[in-house]
Amino acid sequence: MPPSSVNRLLLLASRLEPGPAELRETADILAGDLDWDGLIGGAEREGVLPLLYRNLKRLASAVPGPVLDALQAGYLRNLARNTRLYKSLEPFLEAVRRRGLRTALTKGSRLALTLYPDIALRSFWDVDVIVHPSDWPAVRNVLADLGYEEASGDARIFDPEKTALHWAYCPYFKKDGVFLEFHLTCLGLHVPCPPDEDVWAGVRPVAVGRTEAAVLAPEHELCHLCIHAQQHSYQRLFWLTDIAELALRGGLDWDRAAVFCRRAGIRAPVYHALRLVNVLWPGTLPRGLAAGFEPGPLTRAGLRRLWPGPAVAGRSMTHVWPFYMPSLFSLWERKDIAGALRSLPGILFPPRAWMDQLPGGAGERRRSLFERYGGRLLRPVITAAKRLVTKP
């Protein structure tokens, strides 16, 4: 059976509640000569193995016993890992709560608790935590008191007064196999986002064991997820699953989300992610919903060319664009020439300390550092040239 059958099955099984038509199509694919090893490997790469297990259990008679056992083992490993991780996280969450420090869980660790009915259904490796920049020194003290060690990052980059470079400082801290990654911007953009204080005003508590954590409002979380997925060129399916499930089940105020996107200049990534959700899973979102986030025609054309729906749906995106592409779209949308001139140098030529954190960065020859800066600057041009000679 061609590889597309594996990809199609992964799409069908990467949702919480596939409909009757999707289950019938799943059964038809299972009845064929399926590459089971390729299916399991694909599910692991795409981050949807627990969801695949949940949905194939409904059709267990069509799945070989060893395959179902392997999927169940992966599900149970994720359950054990997430359970241990949340337990280990409690002292940190309680400490920042008692001190009134502004932190919020986001992405996988937030969604496993608030969106998925079972924490084992959402895989994640590290815990992403957003921190208000002015509270970061106190948060660092909490981490030191609890015995966390900094595993990456460079404090020389961070200056609370230079908001344009907050994105450049995303340090990891580790303790007993638990990794915490901290972000000093609410949306992960490489440019200042004016409504940050609105984001912090909207956080809400969620229970985590015997304590609680703050999480972003669903409208802001959706925006963050859409930006993050585009930053990684939609390479992993579970990022789009998150967006689809949050859009359906998150109790969003769509008007509030649309207003926020216009104010922050982020309609492009949010619009395109919502559009891709309906390409991958037709009819998931109400017709016309994405129109409230629709950017101009030139931007729409660019989005379709850079990340075409058929390639994303077929899991055949061969061209990975730079991480900062959503920031460039945001600058374009804002039409703020002075702001762009202030932000672009930091995006294209980040601090030396930040570049030294990249693989093989520290201690390399000056020419090598020059090459890395050059590669960062030229990568969009090179990728665009490759994309022009490739069928969309």
# chains A, B, ... in the order shown; residues from 1 in each chain; ligands from 1
$ select_by_dssp --residues "range 218-329 of chain A" --states "helix (DSSP H, G or I)" --output "JSON, numbers by chain"
{"A": [218, 219, 220, 221, 222, 223, 224, 225, 226, 227, 228, 229, 230, 231, 237, 238, 239, 240, 241, 242, 243, 244, 245, 246, 247, 248, 249, 254, 255, 256, 257, 258, 259, 260, 261, 262, 263, 264, 267, 268, 269, 270, 271, 272, 273, 274, 275, 276, 277, 278, 279, 280, 289, 290, 291, 292, 293, 297, 298, 299, 300, 301, 302, 303, 304, 305, 306, 309, 310, 311, 312, 313, 325, 326, 327, 328, 329]}
$ closest_residue --among "A:Trp200, A:Pro160, A:Lys107, A:Lys335" --to "His224 in chain A" --atoms "only C-alpha atoms"
A:Lys107
$ residues_around --residues "Trp167 in chain A" --least-positions-apart "5" --cutoff "8 Å" --atoms "only C-alpha atoms" --output "list in words"
His183, Leu184, Thr185, Gly188, Leu189, His190 and Val191 of chain A
$ write_last_selection --atoms "all heavy atoms" --output "CSV table (one decimal), in the first residue's frame"
chain,number,residue,atom,x,y,z
A,183,HIS,N,9.9,31.5,28.4
A,183,HIS,CA,9.7,32.5,27.3
A,183,HIS,C,9.3,33.8,28.0
A,183,HIS,O,8.4,33.8,28.8
A,183,HIS,CB,8.7,32.0,26.4
A,183,HIS,CG,8.9,30.6,25.9
A,183,HIS,ND1,9.6,30.3,24.7
A,183,HIS,CD2,8.5,29.4,26.4
A,183,HIS,CE1,9.6,29.0,24.5
A,183,HIS,NE2,9.0,28.4,25.5
A,184,LEU,N,9.9,34.8,27.5
A,184,LEU,CA,9.7,36.2,28.0
A,184,LEU,C,8.7,37.0,27.2
A,184,LEU,O,8.5,38.2,27.4
A,184,LEU,CB,11.0,36.9,28.2
A,184,LEU,CG,12.0,36.2,29.2
A,184,LEU,CD1,13.3,36.9,29.2
A,184,LEU,CD2,11.4,36.2,30.6
A,185,THR,N,8.2,36.4,26.1
A,185,THR,CA,7.2,37.0,25.3
A,185,THR,C,5.9,36.1,25.2
A,185,THR,O,6.1,34.8,25.2
A,185,THR,CB,7.6,37.3,23.9
A,185,THR,OG1,8.0,36.0,23.2
A,185,THR,CG2,8.9,38.2,23.9
A,188,GLY,N,5.7,34.5,21.5
A,188,GLY,CA,6.8,33.9,20.8
A,188,GLY,C,7.3,34.6,19.6
A,188,GLY,O,8.1,34.0,18.8
A,189,LEU,N,6.8,35.8,19.3
A,189,LEU,CA,7.3,36.5,18.1
A,189,LEU,C,8.7,37.1,18.4
A,189,LEU,O,9.1,37.3,19.5
A,189,LEU,CB,6.3,37.7,17.8
A,189,LEU,CG,4.9,37.3,17.2
A,189,LEU,CD1,4.1,38.5,17.1
A,189,LEU,CD2,5.1,36.6,15.9
A,190,HIS,N,9.3,37.5,17.3
A,190,HIS,CA,10.6,38.1,17.4
A,190,HIS,C,10.5,39.6,17.3
A,190,HIS,O,11.5,40.3,17.1
A,190,HIS,CB,11.5,37.6,16.2
A,190,HIS,CG,11.8,36.2,16.3
A,190,HIS,ND1,12.5,35.5,15.3
A,190,HIS,CD2,11.5,35.2,17.2
A,190,HIS,CE1,12.6,34.2,15.6
A,190,HIS,NE2,12.0,34.1,16.8
A,191,VAL,N,9.3,40.1,17.5
A,191,VAL,CA,9.1,41.6,17.5
A,191,VAL,C,8.2,41.9,18.7
A,191,VAL,O,7.5,41.0,19.2
A,191,VAL,CB,8.4,42.0,16.2
A,191,VAL,CG1,9.3,41.9,15.1
A,191,VAL,CG2,7.1,41.3,16.0
$ closest_residue --among "A:Ala264, A:Val208, A:Leu89, A:Met355" --to "Ile119 in chain A" --atoms "only C-alpha atoms"
A:Val208
$ closest_residue --among "A:Tyr271, A:Val199, A:Arg15, A:Tyr75" --to "Arg304 in chain A" --atoms "only C-alpha atoms"
A:Tyr271
$ select_by_dssp --residues "range 129-309 of chain A" --states "strand (DSSP E or B)" --output "list of chain:residue names"
A:Val129, A:Ile130, A:Val131, A:Glu149, A:Glu150, A:Tyr172, A:Phe173, A:Lys174, A:Lys175, A:Val178, A:Phe179, A:Leu180, A:Glu181, A:Phe182, A:His183, A:Arg204, A:Pro205, A:Val206, A:Ala207, A:Val208, A:Thr211, A:Glu212, A:Ala213, A:Ala214, A:Val215
$ residues_around --residues "Ala95 in chain A" --least-positions-apart "4" --cutoff "8 Å" --atoms "only C-alpha atoms" --output "VMD selection string"
chain A and resid 91 99 142
$ closest_residue --among "A:Leu377, A:Phe349, A:Leu68, A:Ser233" --to "Pro308 in chain A" --atoms "only C-alpha atoms"
A:Ser233
